[in-house]
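Containing compact mmCIF, C-alpha atoms and all ligand atoms: my_file_36.txt.
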# COMPACT_ATOMS: atom_id res chain seq x y z
CA MET E 24 168.33 25.29 109.52
CA ALA E 25 165.67 24.69 112.20
CA LYS E 26 167.04 23.35 115.47
CA LYS E 27 165.94 20.01 116.95
CA THR E 28 163.92 20.36 120.19
CA SER E 29 166.80 18.77 122.09
CA ASP E 30 169.09 21.66 121.01
CA LEU E 31 166.71 24.37 122.20
CA ARG E 32 166.94 26.07 125.56
CA PRO E 33 164.37 25.10 128.24
CA ASP E 34 162.19 28.23 128.04
CA THR E 35 161.91 27.79 124.28
CA VAL E 36 161.04 24.12 124.66
CA ALA E 37 158.32 24.99 127.20
CA THR E 38 156.94 27.54 124.75
CA HIS E 39 157.02 25.48 121.54
CA ALA E 40 157.11 21.74 122.25
CA GLY E 41 153.95 19.94 121.18
CA LEU E 42 152.56 22.80 119.09
CA ARG E 43 150.94 21.70 115.82
CA PRO E 44 149.44 24.87 114.30
CA TRP E 45 149.68 23.64 110.69
CA GLU E 46 147.57 20.61 111.49
CA ASN E 47 144.87 22.95 112.76
CA HIS E 48 144.27 25.94 110.48
CA GLY E 49 147.25 27.80 111.98
CA ILE E 50 145.53 28.04 115.39
CA VAL E 51 148.25 28.23 118.02
CA ASN E 52 146.88 25.95 120.73
CA PRO E 53 145.99 22.31 120.01
CA PRO E 54 142.21 21.85 119.98
CA VAL E 55 140.37 20.04 122.75
CA TYR E 56 139.14 16.71 121.41
CA HIS E 57 136.36 15.28 123.55
CA ALA E 58 136.66 11.66 122.57
CA SER E 59 135.64 8.25 123.81
CA THR E 60 134.65 6.46 120.59
CA ILE E 61 137.03 6.73 117.68
CA LEU E 62 135.63 5.38 114.41
CA TYR E 63 137.43 3.20 111.85
CA PRO E 64 136.47 3.39 108.19
CA THR E 65 137.27 -0.26 107.35
CA VAL E 66 137.85 -3.61 109.02
CA ALA E 67 141.41 -3.56 107.70
CA GLU E 68 142.03 -0.22 109.41
CA LEU E 69 140.44 -1.44 112.67
CA LYS E 70 142.63 -4.54 112.70
CA GLY E 71 145.72 -2.63 111.59
CA ARG E 72 145.55 -0.11 114.41
CA ALA E 73 144.81 -2.71 117.11
CA GLY E 74 148.43 -3.55 117.83
CA ARG E 75 149.65 0.03 117.51
CA LYS E 76 147.56 1.75 120.19
CA PHE E 77 150.57 3.10 122.11
CA GLU E 78 152.23 4.62 119.05
CA LYS E 79 152.24 8.38 118.78
CA GLY E 80 149.74 9.69 116.23
CA VAL E 81 147.72 6.45 116.31
CA TYR E 82 144.30 6.86 117.94
CA THR E 83 142.14 3.87 118.84
CA TYR E 84 139.98 4.87 121.81
CA GLY E 85 139.79 7.97 123.99
CA ARG E 86 141.39 6.30 126.99
CA ALA E 87 144.52 5.31 125.04
CA GLY E 88 145.36 8.88 124.01
CA THR E 89 144.08 11.67 121.78
CA PRO E 90 145.49 14.60 119.77
CA THR E 91 144.78 16.60 122.97
CA SER E 92 146.77 14.48 125.44
CA GLU E 93 149.70 13.86 123.08
CA PRO E 94 150.96 17.46 122.81
CA LEU E 95 151.09 17.76 126.62
CA GLU E 96 152.97 14.46 126.91
CA GLU E 97 155.34 15.47 124.14
CA ALA E 98 156.02 18.88 125.69
CA VAL E 99 156.72 17.62 129.22
CA ALA E 100 158.93 14.79 127.93
CA ALA E 101 160.87 17.24 125.76
CA LEU E 102 161.35 19.68 128.64
CA GLU E 103 162.62 16.99 130.99
CA GLY E 104 164.72 15.25 128.34
CA GLY E 105 162.83 11.92 128.47
CA PHE E 106 161.75 9.59 125.68
CA GLY E 107 158.04 9.92 126.41
CA ALA E 108 155.45 10.84 129.01
CA VAL E 109 152.11 9.44 130.09
CA VAL E 110 149.38 11.68 131.46
CA THR E 111 147.27 10.41 134.38
CA SER E 112 144.33 11.73 136.36
CA SER E 113 146.26 13.06 139.40
CA GLY E 114 149.76 13.29 140.81
CA LEU E 115 149.08 10.36 143.12
CA SER E 116 147.91 8.20 140.22
CA ALA E 117 151.17 9.03 138.40
CA VAL E 118 153.05 7.76 141.46
CA THR E 119 150.99 4.58 141.74
CA VAL E 120 151.13 3.79 138.01
CA ALA E 121 154.91 4.24 137.99
CA LEU E 122 155.26 1.90 140.97
CA MET E 123 152.82 -0.72 139.66
CA ALA E 124 154.55 -0.72 136.28
CA HIS E 125 157.77 -1.88 137.94
CA LEU E 126 156.66 -4.14 140.80
CA ALA E 127 155.15 -7.62 141.21
CA ALA E 128 154.38 -9.94 144.12
CA GLY E 129 157.58 -10.99 145.89
CA ASP E 130 159.47 -7.82 144.97
CA HIS E 131 161.13 -5.42 147.36
CA LEU E 132 160.84 -1.63 147.19
CA LEU E 133 163.20 0.92 148.77
CA MET E 134 161.17 4.02 149.58
CA VAL E 135 162.58 7.31 150.89
CA ASP E 136 161.42 8.08 154.44
CA SER E 137 160.62 11.72 153.61
CA VAL E 138 158.13 10.75 150.91
CA TYR E 139 154.75 12.42 150.32
CA GLY E 140 152.28 10.84 152.81
CA PRO E 141 149.78 9.30 150.36
CA THR E 142 152.68 7.58 148.50
CA ARG E 143 153.69 5.98 151.81
CA ASN E 144 150.07 5.04 152.39
CA PHE E 145 149.92 3.30 148.99
CA CYS E 146 153.01 1.22 149.85
CA ASP E 147 151.80 0.31 153.33
CA LYS E 148 148.28 -0.58 152.27
CA VAL E 149 148.02 -1.53 148.61
CA LEU E 150 151.50 -2.79 147.71
CA LYS E 151 151.65 -4.77 150.94
CA ARG E 152 148.33 -6.43 150.12
CA PHE E 153 149.74 -7.49 146.74
CA GLY E 154 152.92 -8.99 148.23
CA VAL E 155 155.42 -6.17 147.71
CA GLU E 156 157.63 -5.43 150.71
CA THR E 157 158.64 -1.82 151.35
CA THR E 158 161.70 -0.71 153.32
CA TYR E 159 161.97 2.99 154.14
CA TYR E 160 165.43 4.54 153.92
CA ASP E 161 167.11 7.68 155.20
CA PRO E 162 166.85 10.43 152.54
CA LEU E 163 170.51 11.26 153.24
CA VAL E 164 171.73 7.69 152.61
CA GLY E 165 173.54 8.56 149.34
CA ALA E 166 175.70 5.74 147.95
CA GLY E 167 175.00 3.85 151.19
CA ILE E 168 171.74 2.74 149.54
CA ASP E 169 173.80 -0.14 148.12
CA ALA E 170 173.79 -1.89 151.50
CA LEU E 171 169.98 -1.86 151.52
CA ILE E 172 169.49 -3.28 148.03
CA ARG E 173 168.47 -6.93 148.04
CA ASP E 174 168.41 -9.46 145.22
CA ASN E 175 164.66 -8.84 144.83
CA THR E 176 164.81 -5.02 145.07
CA ARG E 177 163.18 -3.84 141.87
CA VAL E 178 162.66 -0.14 142.61
CA VAL E 179 164.47 2.57 144.54
CA TYR E 180 162.10 5.51 144.92
CA LEU E 181 163.27 9.08 145.58
CA GLU E 182 161.60 12.40 146.33
CA SER E 183 164.10 15.23 146.42
CA PRO E 184 163.60 17.43 148.28
CA GLY E 185 160.96 15.77 150.45
CA SER E 186 157.93 18.02 150.09
CA HIS E 187 157.52 18.40 153.87
CA THR E 188 161.00 18.25 155.36
CA PHE E 189 163.04 19.36 152.32
CA GLU E 190 166.04 17.02 152.54
CA ILE E 191 167.96 16.96 149.25
CA GLN E 192 169.01 13.47 148.16
CA ASP E 193 172.20 12.53 146.38
CA VAL E 194 170.28 11.51 143.26
CA PRO E 195 173.22 10.45 141.01
CA ALA E 196 174.80 8.33 143.76
CA ILE E 197 171.54 6.54 144.51
CA ALA E 198 170.71 6.09 140.81
CA ALA E 199 174.17 4.65 140.08
CA ALA E 200 173.98 2.18 142.97
CA ALA E 201 170.48 1.07 141.95
CA ARG E 202 171.47 0.64 138.31
CA ALA E 203 174.52 -1.42 139.24
CA ARG E 204 172.22 -3.81 141.10
CA GLY E 205 169.51 -3.96 138.42
CA ALA E 206 166.88 -1.89 140.26
CA ALA E 207 164.91 0.87 138.55
CA THR E 208 164.83 4.38 140.03
CA ILE E 209 161.68 6.48 140.19
CA ILE E 210 161.76 10.07 141.44
CA ASP E 211 158.91 12.34 142.47
CA ASN E 212 160.17 15.48 140.73
CA THR E 213 157.21 17.72 141.53
CA TRP E 214 159.32 20.22 143.53
CA GLY E 215 162.14 20.26 140.98
CA THR E 216 159.65 20.51 138.09
CA PRO E 217 160.68 19.47 134.55
CA LEU E 218 162.53 22.79 134.41
CA PHE E 219 164.80 22.86 137.47
CA LEU E 220 165.85 19.20 137.85
CA LYS E 221 166.69 16.87 134.96
CA PRO E 222 166.56 13.40 136.55
CA PHE E 223 167.47 11.45 133.40
CA ALA E 224 170.77 13.28 133.10
CA LEU E 225 171.46 12.11 136.68
CA GLY E 226 170.79 8.44 135.85
CA VAL E 227 167.16 8.13 136.99
CA ASP E 228 164.76 5.95 134.96
CA VAL E 229 161.34 7.43 135.67
CA SER E 230 160.21 10.87 136.82
CA VAL E 231 156.74 11.52 138.20
CA HIS E 232 154.99 14.84 138.58
CA ALA E 233 151.94 16.09 140.36
CA ALA E 234 151.17 18.29 137.35
CA THR E 235 148.38 19.61 139.58
CA LYS E 236 151.07 21.91 141.03
CA TYR E 237 153.25 24.09 138.77
CA ILE E 238 152.38 22.61 135.37
CA VAL E 239 148.66 23.37 135.75
CA GLY E 240 149.76 26.29 137.89
CA HIS E 241 146.35 27.82 138.67
CA SER E 242 144.88 25.49 141.34
CA ASP E 243 142.05 24.46 139.05
CA ALA E 244 142.79 20.94 137.77
CA MET E 245 144.17 17.59 138.96
CA MET E 246 146.78 15.95 136.75
CA GLY E 247 149.74 13.57 136.86
CA MET E 248 152.60 12.86 134.47
CA VAL E 249 154.97 9.90 134.34
CA VAL E 250 158.03 10.66 132.22
CA CYS E 251 160.33 7.83 131.11
CA ALA E 252 163.99 7.97 130.14
CA ASP E 253 163.77 5.43 127.31
CA GLU E 254 161.34 3.70 124.99
CA ALA E 255 161.19 0.41 126.91
CA GLY E 256 160.30 2.29 130.09
CA TYR E 257 157.71 4.35 128.26
CA ARG E 258 156.01 1.24 126.84
CA ARG E 259 155.97 -0.41 130.25
CA VAL E 260 154.40 2.64 131.95
CA LYS E 261 151.98 3.41 129.13
CA GLY E 262 150.81 -0.21 129.14
CA CYS E 263 150.31 -0.15 132.91
CA ALA E 264 148.40 3.15 132.79
CA TYR E 265 146.18 1.69 130.09
CA ASP E 266 145.59 -1.50 132.09
CA PHE E 267 144.48 0.60 135.05
CA GLY E 268 142.19 2.69 132.86
CA GLN E 269 144.21 5.82 133.61
CA CYS E 270 143.61 8.93 131.55
CA ALA E 271 142.81 12.59 132.11
CA GLY E 272 139.88 14.63 130.83
CA PRO E 273 140.60 16.74 127.74
CA ASP E 274 139.64 20.08 129.31
CA ASP E 275 142.03 19.47 132.19
CA VAL E 276 144.76 18.39 129.75
CA TYR E 277 144.21 21.64 127.88
CA LEU E 278 144.60 23.61 131.13
CA ALA E 279 147.83 21.76 131.91
CA LEU E 280 149.34 22.47 128.50
CA ARG E 281 148.29 26.09 128.76
CA GLY E 282 149.88 26.24 132.21
CA LEU E 283 153.11 24.70 130.95
CA ARG E 284 153.62 27.55 128.47
CA THR E 285 154.00 30.10 131.26
CA MET E 286 155.55 27.80 133.86
CA PRO E 287 159.15 29.01 133.44
CA VAL E 288 158.15 32.65 133.98
CA ARG E 289 155.94 31.82 136.94
CA LEU E 290 158.57 29.58 138.49
CA ARG E 291 161.24 32.26 138.39
CA ARG E 292 158.92 34.62 140.21
CA HIS E 293 157.97 31.92 142.76
CA GLN E 294 161.68 31.23 143.28
CA GLU E 295 162.66 34.87 143.69
CA SER E 296 159.76 35.70 146.02
CA ALA E 297 160.23 32.56 148.13
CA LEU E 298 163.85 33.49 148.74
CA VAL E 299 162.93 37.06 149.72
CA VAL E 300 160.33 35.79 152.20
CA ALA E 301 162.59 32.99 153.49
CA ARG E 302 165.46 35.41 154.16
CA TRP E 303 163.11 37.81 155.92
CA LEU E 304 161.79 34.97 158.08
CA GLN E 305 165.36 34.02 159.04
CA GLY E 306 165.58 37.36 160.84
CA ARG E 307 162.45 36.81 162.94
CA PRO E 308 162.91 35.72 166.59
CA GLU E 309 159.99 33.24 166.39
CA VAL E 310 161.79 31.23 163.68
CA ALA E 311 164.24 28.47 164.65
CA ARG E 312 165.21 27.42 161.10
CA ILE E 313 164.12 27.70 157.48
CA LEU E 314 164.02 24.49 155.44
CA HIS E 315 164.89 25.68 151.95
CA PRO E 316 167.72 24.04 149.98
CA ALA E 317 168.51 27.19 148.00
CA LEU E 318 169.55 29.00 151.19
CA GLU E 319 173.32 28.89 151.65
CA ASP E 320 173.15 27.52 155.22
CA ASP E 321 170.69 24.71 154.41
CA PRO E 322 172.21 21.22 154.89
CA GLY E 323 171.15 20.26 151.35
CA HIS E 324 172.51 23.40 149.70
CA ALA E 325 175.66 21.89 148.14
CA LEU E 326 173.71 19.05 146.49
CA TRP E 327 170.99 21.47 145.40
CA ARG E 328 173.60 23.71 143.75
CA ARG E 329 175.18 20.74 142.03
CA ASP E 330 172.00 19.18 140.63
CA PHE E 331 169.26 21.83 140.36
CA THR E 332 169.05 24.94 138.24
CA GLY E 333 166.42 26.61 140.40
CA ALA E 334 164.00 26.32 143.29
CA CYS E 335 160.23 26.57 143.39
CA GLY E 336 158.08 28.50 145.88
CA LEU E 337 157.61 25.75 148.50
CA PHE E 338 159.64 25.64 151.72
CA GLY E 339 159.34 24.93 155.43
CA VAL E 340 159.50 27.16 158.48
CA LEU E 341 160.44 25.61 161.80
CA LEU E 342 159.10 27.78 164.61
CA HIS E 343 160.39 27.73 168.17
CA PRO E 344 158.00 25.69 170.34
CA VAL E 345 154.71 27.47 171.05
CA PRO E 346 151.37 26.26 172.45
CA PRO E 347 148.92 25.05 169.72
CA ALA E 348 146.61 28.00 170.45
CA ALA E 349 149.38 30.46 169.55
CA LEU E 350 149.89 28.80 166.18
CA ALA E 351 146.15 28.91 165.56
CA ALA E 352 146.11 32.61 166.49
CA MET E 353 148.69 33.16 163.77
CA LEU E 354 147.20 31.00 161.00
CA ASP E 355 143.46 31.52 161.54
CA GLU E 356 143.69 35.24 160.88
CA MET E 357 146.07 35.34 157.90
CA GLU E 358 144.76 37.58 155.15
CA LEU E 359 146.78 36.38 152.14
CA PHE E 360 148.22 33.01 153.20
CA HIS E 361 145.28 30.61 153.29
CA MET E 362 145.49 27.05 154.58
CA GLY E 363 145.36 24.27 152.02
CA TYR E 364 147.22 21.07 151.21
CA SER E 365 148.32 21.76 147.68
CA TRP E 366 150.90 24.13 146.17
CA GLY E 367 152.16 25.31 142.80
CA GLY E 368 149.23 27.64 142.07
CA TYR E 369 149.53 31.42 141.80
CA GLU E 370 148.42 31.96 145.39
CA SER E 371 150.27 31.75 148.70
CA LEU E 372 149.46 29.02 151.20
CA ALA E 373 150.45 28.09 154.74
CA VAL E 374 149.84 24.74 156.38
CA PRO E 375 151.00 23.38 159.77
CA TYR E 376 152.23 19.80 159.82
CA ASP E 377 154.05 17.29 161.97
CA PRO E 378 156.35 14.71 160.30
CA ARG E 379 156.92 12.84 163.59
CA PRO E 380 154.10 10.27 163.38
CA ILE E 381 154.79 9.18 159.81
CA ARG E 382 158.56 8.69 159.69
CA THR E 383 159.84 5.21 160.39
CA ALA E 384 163.45 4.87 159.18
CA THR E 385 164.61 8.19 160.58
CA GLY E 386 163.28 10.29 163.42
CA TRP E 387 162.22 13.91 163.25
CA ASP E 388 163.25 15.29 166.61
CA GLU E 389 163.13 19.05 166.03
CA PRO E 390 161.13 20.37 168.99
CA GLY E 391 159.29 23.24 167.25
CA GLN E 392 156.24 23.47 165.02
CA LEU E 393 156.65 23.18 161.25
CA VAL E 394 154.65 25.35 158.88
CA ARG E 395 154.93 24.77 155.14
CA LEU E 396 154.65 27.90 153.03
CA HIS E 397 153.93 28.17 149.35
CA ILE E 398 154.92 31.58 148.06
CA GLY E 399 152.63 32.70 145.28
CA LEU E 400 152.81 35.52 142.78
CA GLU E 401 151.67 38.31 145.11
CA ASP E 402 153.95 41.27 145.96
CA THR E 403 156.43 40.05 148.57
CA ALA E 404 155.98 43.23 150.62
CA ASP E 405 152.31 42.32 151.15
CA LEU E 406 153.22 38.71 151.98
CA ILE E 407 155.81 39.85 154.49
CA ASP E 408 153.30 42.23 156.11
CA ASP E 409 150.81 39.37 156.43
CA LEU E 410 153.42 37.05 157.94
CA GLY E 411 154.72 39.78 160.23
CA ARG E 412 151.25 40.43 161.65
CA GLY E 413 150.75 36.66 161.99
CA LEU E 414 153.99 36.19 163.92
CA ASP E 415 153.09 39.12 166.17
CA ARG E 416 149.76 37.41 166.95
CA LEU E 417 151.63 34.17 167.63
CA THR E 418 153.97 35.88 170.10
CA ALA E 419 151.15 37.74 171.83
CA ALA E 420 149.08 34.54 172.18
CA ALA E 421 152.09 32.58 173.44
CA LYS E 422 152.75 35.23 176.11
CA ALA E 423 149.08 35.38 177.11
CA GLY E 424 148.78 31.56 177.27
C1 LIG D 501 155.30 15.77 146.24
C2 LIG D 501 153.92 15.41 145.82
N1 LIG D 501 153.74 14.34 145.04
C3 LIG D 501 152.53 13.96 144.63
C4 LIG D 501 151.40 14.65 145.03
C5 LIG D 501 150.05 14.16 144.60
O1 LIG D 501 149.48 14.99 143.65
P1 LIG D 501 147.91 15.11 143.44
O2 LIG D 501 147.38 15.92 144.59
O3 LIG D 501 147.76 15.73 142.12
O4 LIG D 501 147.36 13.71 143.47
C6 LIG D 501 151.53 15.77 145.83
C7 LIG D 501 150.33 16.55 146.26
O5 LIG D 501 150.37 17.36 147.16
C8 LIG D 501 152.83 16.16 146.26
O6 LIG D 501 153.02 17.22 147.05
Rewrite the structure of this file - the entire thing - as structure tokens.
Amino acid sequence: MAKKTSDLRPDTVATHAGLRPWENHGIVNPPVYHASTILYPTVAELKGRAGRKFEKGVYTYGRAGTPTSEPLEEAVAALEGGFGAVVTSSGLSAVTVALMAHLAAGDHLLMVDSVYGPTRNFCDKVLKRFGVETTYYDPLVGAGIDALIRDNTRVVYLESPGSHTFEIQDVPAIAAAARARGAATIIDNTWGTPLFLKPFALGVDVSVHAATKYIVGHSDAMMGMVVCADEAGYRRVKGCAYDFGQCAGPDDVYLALRGLRTMPVRLRRHQESALVVARWLQGRPEVARILHPALEDDPGHALWRRDFTGACGLFGVLLHPVPPAALAAMLDEMELFHMGYSWGGYESLAVPYDPRPIRTATGWDEPGQLVRLHIGLEDTADLIDDLGRGLDRLTAAAKAG
């Protein structure tokens, strides 16, 4: 007897979920429907569908969903173990829709201090303007979050690990405390991906993804996903996304679904290569510390081992202090690692950053310079050569300066 999707193993789910070949002449991939207007044959049909626009398989208008967006939503929800998913136009719009779906004027939001910068920006600018108060909390707070929850706290927001400083949060402890006090939990699970962290099994209500990263996987489309644990949450988020006019273009949705099919294979290679490069970097004298939770000596390693089944290709390198010109001498001349703010594509990236100015609840007092690396699908020997030459340039420039 055929197995239910929920009984299949993750790689099989990523390969098969959302496929509908027998609705489409046996063609493997769902077709790309370019749709705004959807026609109704009769008044009765038009009226009948009006109240059902968020039901799967019911199409009313391009913005509300199409046979192109549905398979992607179905596949990501199945992979993460949620009830349903909503596709949005970018990762940041997935974050903002998830927050807006749960918050109203007078509410209080607990936001992790290590959060992605533009999410913080949205809280400080937009949510504040609409009467939502945000308190930032220490990513390592764990069950201590309880002391920060107020009567009007509606959302506790997590990002684990933080995509710049890589602290791993105690997700089940925070989710349990929030649930006990009636607050919803939303996690940015972009680093964990729907493959390596299953937030709903840890008690989280909503998981958001910058699908732009590993789901699309080829640095060629913007996309967000909001995945919800249960039907009530799904309806709330879907309704909010609709109210904001959120949707994604069909060609980009197609690219995301195509990316998802190979994501498990790519991710394992990203994981393996990132660990090879990270361990090599640990032996370099210019490096003070590597920020990568899958390394045994990382402060978040025990929680990562407990909750995650893998790690992606993104991690941080803390260099011993050097003058800015030495860092530029390293990064300006890299041959394979180019500078760019995204990650999750097939290519390697390096970007310098400083968390000091943006943190408010906790300080970042490491004296050195942080560089965030994304390890792509290149041969690690070539990546290590490139980094080695870069670090040599850094040392030479530091000595000269
Ligand atoms: C952790 C995290 N969340 C959300 C986003 C936003 O995604 P997008 O760039 O698709 O809007 C990013 C982008 O870098 C990110 O790193």
Around all listed atoms of range 149-160 of chain E, padded 5 Å per side, what centre and edge lengths does the axis-aligned box have in Å to one decimal, as JSON?
{"center_x": 156.7, "center_y": -2.2, "center_z": 150.4, "size_x": 27.4, "size_y": 23.5, "size_z": 17.4}
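Nearest residue to ligand LIG 501 (chain D) among E:Val194, E:Val99, E:Leu181, E:Leu304 is E:Leu181, counting all atoms listed in the file.
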Given a cut-off of 6 Å, what residues near ligand LIG 501 (chain D) show up using only C-alpha atoms and all ligand atoms, put as a compact mmCIF listing (two decimals) with C-alpha atoms, in the frame of the given file?
# COMPACT_ATOMS: atom_id res chain seq x y z
CA SER E 113 146.26 13.06 139.40
CA GLY E 114 149.76 13.29 140.81
CA LEU E 115 149.08 10.36 143.12
CA TYR E 139 154.75 12.42 150.32
CA SER E 186 157.93 18.02 150.09
CA THR E 213 157.21 17.72 141.53
CA ALA E 233 151.94 16.09 140.36
CA THR E 235 148.38 19.61 139.58
CA MET E 245 144.17 17.59 138.96
CA MET E 246 146.78 15.95 136.75
CA SER E 365 148.32 21.76 147.68
(message) Neighbouring residues of range 159-174 of chain E were defined as those with any atom within 7 Å, considering all atoms listed in the file; residues of the same chain fewer than 4 positions away were excluded. Please report them as a list of chain:residue names.
(response) E:Leu133, E:Met134, E:Val135, E:Asp136, E:Ser137, E:Glu190, E:Gln192, E:Asp193, E:Ala196, E:Ile197, E:Ala200, E:Thr383, E:Ala384, E:Thr385
(request) Write out as a ChimeraX atom specification the residues lying within 9 Å of Leu417 in chain E, counting all atoms listed in the file and excluding same-chain residues fewer than 3 positions away. (result) /E:309,345,348-354,412-414,420-422
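When CA of Gly247 in chain E is paired with CA of Leu95 in chain E, their separation reads 11.1 Å.
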(request) Record the distance separating CA of Ile50 in chain E and CA of Thr28 in chain E, expressed in Å with one decimal. (result)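 If I compute the distance from CA of Ile50 in chain E to CA of Thr28 in chain E, I get 20.5 Å.
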(request) Go through E:Val260, E:Leu278, E:His187, E:Leu122 one by one, measure the shortest atom-to-atom distance of each to Leu393 in chain E using only C-alpha atoms, and give the residue with the smallest value. (result)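 Nearest to Leu393 in chain E: E:His187.
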